[in-house]
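To keep things clear, I will list the structure first and then write my remarks on it.
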Amino acid sequence: MLTTDPYDDDKLREECGIFGVSDVEGAAAMVALGLHALQHRGQEAAGITSFDGQDFHTHRAVGHVAGNFDSEEVIGELRGHTAIGHVRYATTGGSGLRNVQPLYADLVSGGFAVGHNGNISNAMTLRRDLVRRGSIFQSTSDTEVIIHLVATSGYRTLLDRLIDALKRVEGAYSLVCLTNEGMIACRDPLGIRPLVMGKLGDAIIFASETVALDIAGAEFIRSIEPGELVVVRDGVLTSHKPFIQQSQRPCIFEHVYFSRPDSIVDGNSVYSVRKAIGAELAKENGVDVDYVIPVPDSGTPAAIGYAEAAGIPFELGIIRSHYVGRTFIQPGDGVRHLGVKLKHNANRHLVAGKKIVLIDDSIVRGTTSLKIVQMMREAGAAEVHMRIASPPTMNSCFYGVDTPERSKLLASNMDIEQMREFIQADSLAFISIDGLYRALGEDSRHQGQPQYCDACFTGDYPTSLTDHDEAEQSELILLSERKTG
Ligand code: SF4
């Protein structure tokens with residue numbers, strides 16, 4: 001079974017990817033194609049739900065899109081001209097089949113299927129309330145809360161019920177929903193997770209990233225605006241903005257790491273932004289070396305930008321095997337430490353005797369950085385410097401990205417000099433938060449009203465974190481009980 005790379009435990013894990021298409025023959029086949037292009041956003045499970053004008057059809061499976069959605073038999077069962085799909089990395093609720101999306105329910109208004117990218121930060125609180133009032137949950141996913149809120153809303157039409165439900169949730173959501181009457185796509189009022197719209201003939205397509213439109217041969221129309229719901233019914237498109245307008249706060253990490261470099265996110269080419277980050281990094285933290293070397297693959301565009309700005313040759317000093325990791329047996333602890341060597345190998349002939357700077361997108365736990373620095377030294381590098389294309393990751397994400405708890409993040413426990421010592425580099429530097437904003441075309445980060453969500457770097461969360469605050473509160477009460485008990 002193909003699932004998340006077992007060796008890649010030192011990266012923030014991608015969230016989820018969603019795709020929906022209406023008014024096209026063989027809608028499910030196009031959704032499968034779109035999900036292929038979004039596979040980097042979640043490798044643990046995938047699902048498609050279609051509607052044929054009368055019935056809904058769903059196939060959900062643990063593993064990759066390839067192998068689960070490429071047989072004529074599976075696609076043939078998913079009849080209809082409208083379909084939605086989802087690829088998933090489990091951020092909330094665990095990875096069992098019952099949590100694989102799209103989730104589906106028969107409501108008083110008819111069938112309702114939903115695919116969700118993001119995370120509801122008050123899901124536990126809402127769920128407790130719903131269960132008290134008699135709701136019976138089928139999964140442990142935060143997304144199911146939306147279904148129950150829609151089911152129990154007092155409004156009449158499905159659109160009004162959905163709006164009513166969304167007004168009660170906090171956090172991040174980009175959704176594609178399938179109903180008896182058509183398709184609805186929406187993005188939370190801060191626009192934390194991306195969502196774009198495209199067109200192919202009469203077909204309207206929604207996708208997490210433009211790369212999924214490219215693969216379907218569709219034309220990019222625009223991003224769904226923060227707080228916007230777009231309804232497609234009988235080929236007619238209507239836009240609704242029922243929420244109080246707020247300044248948008250899209251996830252800045254989409255540009256650093258999550259999105260594919262060939263995507264356009266909120267009007268910016270991800271590849272160009274990553275190169276600009278590298279250039280800013282070179283300006284802020286230059287170092288006298290022979291070669292600029294990317295940590296593959298995510299460090300590559302920033303390394304190109306760094307090398308160009310610094311006037312230092314860009315070279316491939318680490319070669320990545322594309323055939324290891326995802327297909328290799330799940331490793332036991334004994335061989336896990338070998339994982340990084342199976343995946344990355346030093347280009348010994350190039351680096352021996354040379355001073356090098358390694359460029360990576362981020363440092364999470366620091367374990368992979370340490371192994372890569374050691375690998376370069378073993379290959380004979382004279383000096384090994386490290387530059388990081390994001391500020392230190394010091395805080396957990398509550399918006400659909402799987403970050404280790406704060407205490408496991410290297411930057412939350414150490415200052416930069418201690419981190420340098422930990423990874424055994426000759427020098428270590430990160431891009432500044434303002435440098436990152438400059439790479440995105442901003443003059444600087446606007447303190448008090450930042451243009452992006454950057455909470456994993458700054459701790460400045462753009463929404464309340466009800467579940468997290470409650471959990472912390474209970475822990476404090478427990479601790480004080482233990483002390484006084
Ligand atoms: S906390 Fe970080 S990863 Fe999460 S949405 Fe904000 S910027 Fe993105």
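Numbering starts fresh at 1 for the residues of each chain in the structure tokens, the chains themselves are lettered A, B, ... in the order given, and ligands are numbered from 1 as they appear.
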If you count only C-alpha atoms, which residues fall within 6 Å of region 47-54 of chain A, apart from same-chain ones fewer than 3 positions away, as number ranges by chain? A: 57-60, 78-80, 82-86, 101-102
Name all residues at most 10 Å from Ser298 (chain A) (count only C-alpha atoms; drop same-chain ones fewer than 2 positions away) and give them as a VMD selection string. chain A and resid 256 to 258 260 to 261 274 294 to 296 300 to 303 359 to 362 389
Emit the selected residues as a tab-separated table (two decimals), in the first residue's frame, including N, CA and C atoms.
```tsv
chain	number	residue	atom	x	y	z
A	256	VAL	N	6.05	28.68	0.98
A	256	VAL	CA	7.37	28.18	1.37
A	256	VAL	C	7.53	26.71	0.99
A	257	TYR	N	6.47	25.91	1.22
A	257	TYR	CA	6.66	24.47	1.12
A	257	TYR	C	5.48	23.67	0.57
A	258	PHE	N	4.23	23.96	1.04
A	258	PHE	CA	3.14	23.01	0.75
A	258	PHE	C	2.77	22.93	-0.72
A	260	ARG	N	2.68	23.05	-4.81
A	260	ARG	CA	3.65	22.66	-5.83
A	260	ARG	C	4.24	23.91	-6.48
A	261	PRO	N	5.53	23.88	-6.84
A	261	PRO	CA	6.15	25.09	-7.40
A	261	PRO	C	5.51	25.54	-8.71
A	274	ARG	N	9.49	31.30	-4.31
A	274	ARG	CA	10.58	30.54	-3.65
A	274	ARG	C	11.95	31.04	-4.11
A	294	PRO	N	21.03	22.69	-3.00
A	294	PRO	CA	19.69	22.55	-2.42
A	294	PRO	C	19.55	21.22	-1.68
A	295	VAL	N	18.74	21.24	-0.60
A	295	VAL	CA	18.31	19.97	0.00
A	295	VAL	C	17.07	19.58	-0.82
A	296	PRO	N	17.17	18.50	-1.61
A	296	PRO	CA	16.09	18.19	-2.55
A	296	PRO	C	14.83	17.69	-1.85
A	300	THR	N	15.03	23.40	-3.67
A	300	THR	CA	15.66	23.72	-4.96
A	300	THR	C	15.36	25.13	-5.49
A	301	PRO	N	14.09	25.56	-5.59
A	301	PRO	CA	13.89	26.92	-6.14
A	301	PRO	C	14.57	28.00	-5.30
A	302	ALA	N	14.53	27.88	-3.96
A	302	ALA	CA	15.18	28.89	-3.11
A	302	ALA	C	16.69	28.87	-3.33
A	303	ALA	N	17.25	27.69	-3.55
A	303	ALA	CA	18.70	27.58	-3.79
A	303	ALA	C	19.07	28.24	-5.11
A	359	ILE	N	20.73	24.76	1.20
A	359	ILE	CA	19.50	25.55	1.32
A	359	ILE	C	18.32	24.59	1.51
A	360	ASP	N	17.59	24.77	2.61
A	360	ASP	CA	16.40	23.95	2.84
A	360	ASP	C	15.22	24.87	3.13
A	361	ASP	N	13.99	24.32	3.02
A	361	ASP	CA	12.80	25.18	3.20
A	361	ASP	C	12.52	25.47	4.67
A	362	SER	N	12.80	24.51	5.56
A	362	SER	CA	12.47	24.72	6.97
A	362	SER	C	13.24	23.72	7.83
A	389	ALA	N	14.94	28.75	4.21
A	389	ALA	CA	14.06	29.65	3.45
A	389	ALA	C	12.76	29.98	4.18
```
I need the residue nearest Arg41 (chain A) from this list: A:Phe69, A:Phe56, A:Tyr399, A:Tyr89. Use only C-alpha atoms for the distance.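 Closest candidate: A:Tyr89.
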Pick out the residues no farther than 8 Å from ligand 1, counting only C-alpha atoms and all ligand atoms, and list them as a PyMOL selection string. chain A and resi 12+172+192-193+250-254+395-401+452-457+459+461
For the residues selected in the previous step, produce a file with N, CA, C and O atoms as an mmCIF file, in the first residue's frame.
```cif
data_model
loop_
_atom_site.group_PDB
_atom_site.id
_atom_site.type_symbol
_atom_site.label_atom_id
_atom_site.label_comp_id
_atom_site.auth_asym_id
_atom_site.auth_seq_id
_atom_site.Cartn_x
_atom_site.Cartn_y
_atom_site.Cartn_z
ATOM 1 N N LEU A 12 6.924 19.508 8.010
ATOM 2 C CA LEU A 12 5.514 19.695 8.321
ATOM 3 C C LEU A 12 4.768 18.880 7.282
ATOM 4 O O LEU A 12 5.135 18.865 6.118
ATOM 5 N N ALA A 172 -9.875 26.931 9.777
ATOM 6 C CA ALA A 172 -9.597 26.983 8.340
ATOM 7 C C ALA A 172 -10.450 25.976 7.596
ATOM 8 O O ALA A 172 -10.513 24.812 7.990
ATOM 9 N N ILE A 192 -7.601 31.004 4.723
ATOM 10 C CA ILE A 192 -6.350 30.391 5.215
ATOM 11 C C ILE A 192 -5.831 29.337 4.228
ATOM 12 O O ILE A 192 -4.657 29.323 3.882
ATOM 13 N N ARG A 193 -6.724 28.452 3.789
ATOM 14 C CA ARG A 193 -6.304 27.440 2.818
ATOM 15 C C ARG A 193 -6.723 27.892 1.413
ATOM 16 O O ARG A 193 -7.736 28.583 1.245
ATOM 17 N N PRO A 250 -4.178 34.388 4.322
ATOM 18 C CA PRO A 250 -3.831 33.067 3.761
ATOM 19 C C PRO A 250 -2.528 32.524 4.362
ATOM 20 O O PRO A 250 -1.684 33.295 4.812
ATOM 21 N N CYS A 251 -2.400 31.227 4.349
ATOM 22 C CA CYS A 251 -1.238 30.540 4.941
ATOM 23 C C CYS A 251 0.029 30.869 4.167
ATOM 24 O O CYS A 251 0.137 30.567 2.979
ATOM 25 N N ILE A 252 1.004 31.427 4.839
ATOM 26 C CA ILE A 252 2.250 31.811 4.162
ATOM 27 C C ILE A 252 3.100 30.572 3.834
ATOM 28 O O ILE A 252 3.904 30.583 2.912
ATOM 29 N N PHE A 253 2.856 29.491 4.569
ATOM 30 C CA PHE A 253 3.654 28.268 4.361
ATOM 31 C C PHE A 253 3.310 27.571 3.045
ATOM 32 O O PHE A 253 4.084 26.775 2.529
ATOM 33 N N GLU A 254 2.128 27.895 2.471
ATOM 34 C CA GLU A 254 1.810 27.356 1.137
ATOM 35 C C GLU A 254 2.907 27.773 0.163
ATOM 36 O O GLU A 254 3.289 27.014 -0.712
ATOM 37 N N ASN A 395 5.986 27.298 16.477
ATOM 38 C CA ASN A 395 4.642 27.058 17.012
ATOM 39 C C ASN A 395 3.896 26.034 16.163
ATOM 40 O O ASN A 395 4.136 25.922 14.962
ATOM 41 N N SER A 396 2.948 25.358 16.804
ATOM 42 C CA SER A 396 2.133 24.376 16.086
ATOM 43 C C SER A 396 1.104 25.083 15.226
ATOM 44 O O SER A 396 0.713 26.214 15.499
ATOM 45 N N CYS A 397 0.659 24.373 14.176
ATOM 46 C CA CYS A 397 -0.416 24.881 13.322
ATOM 47 C C CYS A 397 -1.721 24.225 13.751
ATOM 48 O O CYS A 397 -1.753 23.023 13.989
ATOM 49 N N PHE A 398 -2.793 25.006 13.826
ATOM 50 C CA PHE A 398 -4.116 24.454 14.159
ATOM 51 C C PHE A 398 -5.065 24.561 12.979
ATOM 52 O O PHE A 398 -6.275 24.496 13.140
ATOM 53 N N TYR A 399 -4.490 24.766 11.785
ATOM 54 C CA TYR A 399 -5.330 25.019 10.610
ATOM 55 C C TYR A 399 -5.153 23.965 9.520
ATOM 56 O O TYR A 399 -5.205 24.273 8.337
ATOM 57 N N GLY A 400 -4.880 22.730 9.935
ATOM 58 C CA GLY A 400 -4.865 21.667 8.943
ATOM 59 C C GLY A 400 -3.486 21.236 8.500
ATOM 60 O O GLY A 400 -3.353 20.563 7.483
ATOM 61 N N VAL A 401 -2.465 21.628 9.236
ATOM 62 C CA VAL A 401 -1.111 21.168 8.925
ATOM 63 C C VAL A 401 -0.621 20.396 10.134
ATOM 64 O O VAL A 401 -0.753 20.861 11.264
ATOM 65 N N TYR A 452 -0.650 37.819 6.045
ATOM 66 C CA TYR A 452 -0.733 36.352 5.927
ATOM 67 C C TYR A 452 -0.892 35.732 7.310
ATOM 68 O O TYR A 452 -0.589 36.369 8.324
ATOM 69 N N CYS A 453 -1.330 34.476 7.347
ATOM 70 C CA CYS A 453 -1.170 33.708 8.579
ATOM 71 C C CYS A 453 0.288 33.262 8.608
ATOM 72 O O CYS A 453 0.771 32.650 7.659
ATOM 73 N N ASP A 454 0.987 33.591 9.663
ATOM 74 C CA ASP A 454 2.391 33.190 9.819
ATOM 75 C C ASP A 454 2.598 32.683 11.247
ATOM 76 O O ASP A 454 3.683 32.780 11.803
ATOM 77 N N ALA A 455 1.504 32.136 11.824
ATOM 78 C CA ALA A 455 1.509 31.813 13.253
ATOM 79 C C ALA A 455 2.579 30.787 13.631
ATOM 80 O O ALA A 455 3.088 30.825 14.751
ATOM 81 N N CYS A 456 2.932 29.877 12.711
ATOM 82 C CA CYS A 456 3.948 28.890 13.101
ATOM 83 C C CYS A 456 5.312 29.557 13.310
ATOM 84 O O CYS A 456 6.167 29.002 13.973
ATOM 85 N N PHE A 457 5.487 30.763 12.760
ATOM 86 C CA PHE A 457 6.732 31.499 13.003
ATOM 87 C C PHE A 457 6.578 32.535 14.119
ATOM 88 O O PHE A 457 7.504 32.789 14.863
ATOM 89 N N GLY A 459 3.563 32.973 16.262
ATOM 90 C CA GLY A 459 2.628 32.683 17.361
ATOM 91 C C GLY A 459 1.389 33.571 17.297
ATOM 92 O O GLY A 459 0.540 33.514 18.183
ATOM 93 N N TYR A 461 -1.849 33.860 16.025
ATOM 94 C CA TYR A 461 -2.907 33.071 15.378
ATOM 95 C C TYR A 461 -4.059 33.987 14.965
ATOM 96 O O TYR A 461 -4.502 34.816 15.765
#
```
Run DSSP on the backbone and grab whatever in region 56-200 of chain A lands in alpha helix (DSSP H); send it over as a PyMOL selection string. chain A and resi 72-77+123-132+143-152+158-166
For the selection you just gave me, I'd like the residues written to a file as a compact mmCIF listing (two decimals), in the first residue's frame, keeping N, CA and C atoms.
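File written: selection36.txt
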```txt
# COMPACT_ATOMS: atom_id res chain seq x y z
N GLU A 72 -10.99 0.84 -14.57
CA GLU A 72 -12.27 1.19 -15.23
C GLU A 72 -13.44 0.80 -14.36
N GLU A 73 -13.25 -0.28 -13.61
CA GLU A 73 -14.33 -0.78 -12.76
C GLU A 73 -14.72 0.26 -11.71
N VAL A 74 -13.69 0.80 -11.01
CA VAL A 74 -13.96 1.78 -9.94
C VAL A 74 -14.55 3.06 -10.54
N ILE A 75 -13.90 3.59 -11.58
CA ILE A 75 -14.37 4.85 -12.17
C ILE A 75 -15.75 4.66 -12.80
N GLY A 76 -15.97 3.48 -13.41
CA GLY A 76 -17.27 3.20 -14.03
C GLY A 76 -18.43 3.21 -13.05
N GLU A 77 -18.15 2.83 -11.81
CA GLU A 77 -19.20 2.82 -10.77
C GLU A 77 -19.55 4.24 -10.33
N ALA A 123 -13.82 22.33 16.78
CA ALA A 123 -14.60 21.14 16.43
C ALA A 123 -14.99 20.32 17.66
N MET A 124 -14.08 20.16 18.60
CA MET A 124 -14.36 19.32 19.77
C MET A 124 -15.48 19.95 20.60
N THR A 125 -15.43 21.26 20.74
CA THR A 125 -16.44 21.97 21.53
C THR A 125 -17.80 21.85 20.86
N LEU A 126 -17.85 22.04 19.55
CA LEU A 126 -19.12 21.92 18.82
C LEU A 126 -19.63 20.50 18.87
N ARG A 127 -18.74 19.55 18.73
CA ARG A 127 -19.11 18.15 18.71
C ARG A 127 -19.75 17.73 20.04
N ARG A 128 -19.13 18.17 21.12
CA ARG A 128 -19.66 17.83 22.44
C ARG A 128 -21.10 18.33 22.57
N ASP A 129 -21.30 19.54 22.10
CA ASP A 129 -22.63 20.15 22.17
C ASP A 129 -23.62 19.38 21.30
N LEU A 130 -23.19 19.01 20.09
CA LEU A 130 -24.07 18.28 19.16
C LEU A 130 -24.42 16.90 19.72
N VAL A 131 -23.43 16.22 20.29
CA VAL A 131 -23.68 14.88 20.85
C VAL A 131 -24.67 14.98 22.00
N ARG A 132 -24.50 16.02 22.83
CA ARG A 132 -25.45 16.22 23.95
C ARG A 132 -26.87 16.36 23.44
N THR A 143 -14.39 17.42 10.20
CA THR A 143 -15.28 17.79 9.09
C THR A 143 -16.72 17.35 9.35
N GLU A 144 -16.91 16.25 10.07
CA GLU A 144 -18.28 15.76 10.27
C GLU A 144 -19.12 16.75 11.09
N VAL A 145 -18.43 17.57 11.88
CA VAL A 145 -19.15 18.61 12.64
C VAL A 145 -19.94 19.50 11.68
N ILE A 146 -19.33 19.82 10.54
CA ILE A 146 -20.02 20.69 9.56
C ILE A 146 -21.31 20.00 9.10
N ILE A 147 -21.22 18.70 8.82
CA ILE A 147 -22.42 17.97 8.35
C ILE A 147 -23.52 18.03 9.40
N HIS A 148 -23.17 17.82 10.68
CA HIS A 148 -24.20 17.82 11.72
C HIS A 148 -24.77 19.22 11.93
N LEU A 149 -23.92 20.23 11.79
CA LEU A 149 -24.44 21.60 11.93
C LEU A 149 -25.39 21.92 10.78
N VAL A 150 -25.08 21.43 9.58
CA VAL A 150 -25.99 21.64 8.44
C VAL A 150 -27.30 20.88 8.71
N ALA A 151 -27.17 19.64 9.19
CA ALA A 151 -28.36 18.79 9.42
C ALA A 151 -29.30 19.40 10.45
N THR A 152 -28.73 20.04 11.46
CA THR A 152 -29.58 20.52 12.58
C THR A 152 -29.92 22.01 12.45
N LEU A 158 -30.59 24.34 1.53
CA LEU A 158 -29.29 23.77 1.89
C LEU A 158 -28.21 24.85 1.96
N LEU A 159 -28.27 25.80 1.04
CA LEU A 159 -27.26 26.86 1.04
C LEU A 159 -27.34 27.65 2.35
N ASP A 160 -28.56 28.00 2.77
CA ASP A 160 -28.71 28.76 4.04
C ASP A 160 -28.26 27.92 5.23
N ARG A 161 -28.54 26.63 5.17
CA ARG A 161 -28.11 25.74 6.26
C ARG A 161 -26.59 25.69 6.34
N LEU A 162 -25.95 25.62 5.17
CA LEU A 162 -24.49 25.55 5.14
C LEU A 162 -23.89 26.86 5.67
N ILE A 163 -24.46 27.98 5.25
CA ILE A 163 -23.96 29.28 5.73
C ILE A 163 -24.13 29.36 7.25
N ASP A 164 -25.29 28.93 7.72
CA ASP A 164 -25.57 28.93 9.16
C ASP A 164 -24.52 28.08 9.90
N ALA A 165 -24.21 26.92 9.34
CA ALA A 165 -23.22 26.02 9.96
C ALA A 165 -21.85 26.68 9.99
N LEU A 166 -21.46 27.26 8.86
CA LEU A 166 -20.12 27.82 8.76
C LEU A 166 -19.93 29.04 9.67
```
Determine the nearest neighbour of Glu181 (chain A) from the options A:Gly154, A:Gly217, A:Asp234, A:Ser135, counting only C-alpha atoms.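 When distances to Glu181 (chain A) are compared using only C-alpha atoms, the smallest one comes from A:Asp234.
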Please report, as a compact mmCIF listing (two decimals) with N, CA, C and O atoms, in the first residue's frame, each residue of region 243-471 of chain A to which DSSP assigns strand (DSSP E) when run on this structure's backbone.
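Resulting contents of part_38.txt:
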```txt
# COMPACT_ATOMS: atom_id res chain seq x y z
N ILE A 264 -0.04 28.49 -9.00
CA ILE A 264 -0.20 29.92 -8.72
C ILE A 264 -1.07 30.00 -7.48
O ILE A 264 -2.20 29.50 -7.49
N VAL A 265 -0.57 30.56 -6.39
CA VAL A 265 -1.36 30.66 -5.16
C VAL A 265 -1.63 32.12 -4.86
O VAL A 265 -0.71 32.92 -4.73
N ASN A 268 0.25 34.56 -6.94
CA ASN A 268 1.71 34.49 -7.00
C ASN A 268 2.18 33.13 -7.51
O ASN A 268 1.68 32.09 -7.06
N SER A 269 3.15 33.14 -8.42
CA SER A 269 3.78 31.89 -8.86
C SER A 269 4.61 31.36 -7.69
O SER A 269 5.50 32.06 -7.19
N TYR A 291 29.97 26.50 -3.52
CA TYR A 291 28.73 26.05 -4.17
C TYR A 291 27.50 26.31 -3.29
O TYR A 291 27.58 26.20 -2.06
N VAL A 292 26.38 26.57 -3.97
CA VAL A 292 25.07 26.60 -3.31
C VAL A 292 24.39 25.28 -3.65
O VAL A 292 24.25 24.93 -4.83
N ILE A 293 23.97 24.54 -2.62
CA ILE A 293 23.42 23.19 -2.84
C ILE A 293 22.04 23.07 -2.21
O ILE A 293 21.88 23.33 -1.01
N PRO A 294 21.03 22.69 -3.00
CA PRO A 294 19.69 22.55 -2.42
C PRO A 294 19.55 21.22 -1.68
O PRO A 294 20.15 20.22 -2.07
N ILE A 318 23.53 16.92 -3.50
CA ILE A 318 22.78 15.82 -2.87
C ILE A 318 21.86 15.26 -3.95
O ILE A 318 21.11 16.01 -4.57
N ILE A 319 21.93 13.97 -4.15
CA ILE A 319 21.07 13.36 -5.17
C ILE A 319 19.98 12.59 -4.45
O ILE A 319 20.24 11.81 -3.53
N ARG A 320 18.75 12.84 -4.88
CA ARG A 320 17.61 12.18 -4.24
C ARG A 320 17.16 10.99 -5.08
O ARG A 320 16.99 11.10 -6.28
N HIS A 344 18.56 10.28 0.24
CA HIS A 344 19.50 11.31 -0.20
C HIS A 344 20.91 10.74 -0.15
O HIS A 344 21.29 10.14 0.83
N ASN A 345 21.69 11.00 -1.19
CA ASN A 345 23.09 10.57 -1.15
C ASN A 345 23.98 11.73 -1.59
O ASN A 345 23.59 12.53 -2.43
N ALA A 346 25.15 11.82 -0.97
CA ALA A 346 26.06 12.92 -1.30
C ALA A 346 26.68 12.70 -2.67
O ALA A 346 27.04 11.58 -3.03
N LYS A 355 33.80 24.33 0.04
CA LYS A 355 32.97 25.01 1.03
C LYS A 355 31.57 25.12 0.42
O LYS A 355 31.43 25.60 -0.71
N ILE A 356 30.56 24.66 1.16
CA ILE A 356 29.21 24.64 0.58
C ILE A 356 28.20 25.30 1.51
O ILE A 356 28.40 25.34 2.73
N VAL A 357 27.11 25.84 0.91
CA VAL A 357 25.97 26.26 1.71
C VAL A 357 24.77 25.44 1.26
O VAL A 357 24.48 25.35 0.06
N LEU A 358 24.12 24.79 2.21
CA LEU A 358 22.92 23.99 1.92
C LEU A 358 21.70 24.88 2.11
O LEU A 358 21.63 25.64 3.09
N ILE A 359 20.73 24.76 1.20
CA ILE A 359 19.50 25.55 1.32
C ILE A 359 18.32 24.59 1.51
O ILE A 359 18.10 23.69 0.69
N ASP A 360 17.59 24.77 2.61
CA ASP A 360 16.40 23.95 2.84
C ASP A 360 15.22 24.87 3.13
O ASP A 360 15.40 26.05 3.46
N GLU A 383 33.70 22.99 4.42
CA GLU A 383 32.82 23.76 5.33
C GLU A 383 31.38 23.48 4.91
O GLU A 383 31.09 23.41 3.72
N VAL A 384 30.49 23.34 5.90
CA VAL A 384 29.07 23.10 5.59
C VAL A 384 28.23 24.15 6.31
O VAL A 384 28.14 24.15 7.54
N HIS A 385 27.67 25.06 5.53
CA HIS A 385 26.80 26.10 6.09
C HIS A 385 25.36 25.75 5.74
O HIS A 385 25.11 25.07 4.75
N MET A 386 24.42 26.25 6.54
CA MET A 386 23.01 25.94 6.27
C MET A 386 22.22 27.24 6.29
O MET A 386 22.38 28.07 7.21
N ARG A 387 21.37 27.44 5.26
CA ARG A 387 20.48 28.60 5.20
C ARG A 387 19.05 28.08 5.00
O ARG A 387 18.83 27.18 4.19
N ILE A 388 18.11 28.69 5.73
CA ILE A 388 16.74 28.17 5.73
C ILE A 388 15.78 29.21 5.15
O ILE A 388 15.78 30.38 5.57
N SER A 427 27.78 27.30 10.02
CA SER A 427 26.93 28.44 10.35
C SER A 427 25.49 28.10 9.96
O SER A 427 25.25 27.22 9.13
N LEU A 428 24.57 28.78 10.61
CA LEU A 428 23.13 28.55 10.34
C LEU A 428 22.43 29.90 10.38
O LEU A 428 22.68 30.71 11.28
N ALA A 429 21.57 30.14 9.40
CA ALA A 429 20.77 31.38 9.42
C ALA A 429 19.44 31.12 8.73
O ALA A 429 19.33 30.26 7.85
N PHE A 430 18.42 31.86 9.17
CA PHE A 430 17.06 31.76 8.63
C PHE A 430 16.71 33.09 7.97
O PHE A 430 17.19 34.14 8.41
```
Do you know which residues are at most 9 Å from Ala276 (chain A) counting only C-alpha atoms, after dropping those on the same chain fewer than 6 positions away, and could you put them as a PyMOL selection string? chain A and resi 301-302+305-306+436+438-440
Using only C-alpha atoms, can you tell me which of A:Ala185, A:Ile277, A:Leu35, A:Leu103 comes closest to Ile433 (chain A)?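 That would be A:Ile277, the residue with the smallest distance to Ile433 (chain A).
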My list of candidates is A:Gly278, A:Gly227, A:Gly171, A:Gly267. Which is closest to Ser239 (chain A) when distances are computed with only C-alpha atoms? A:Gly227
Distance query Val231 (chain A) at most 6 Å, only C-alpha atoms, self and fewer than 5 positions along chain excluded, as a VMD selection string: chain A and resid 183 to 184 237 to 238
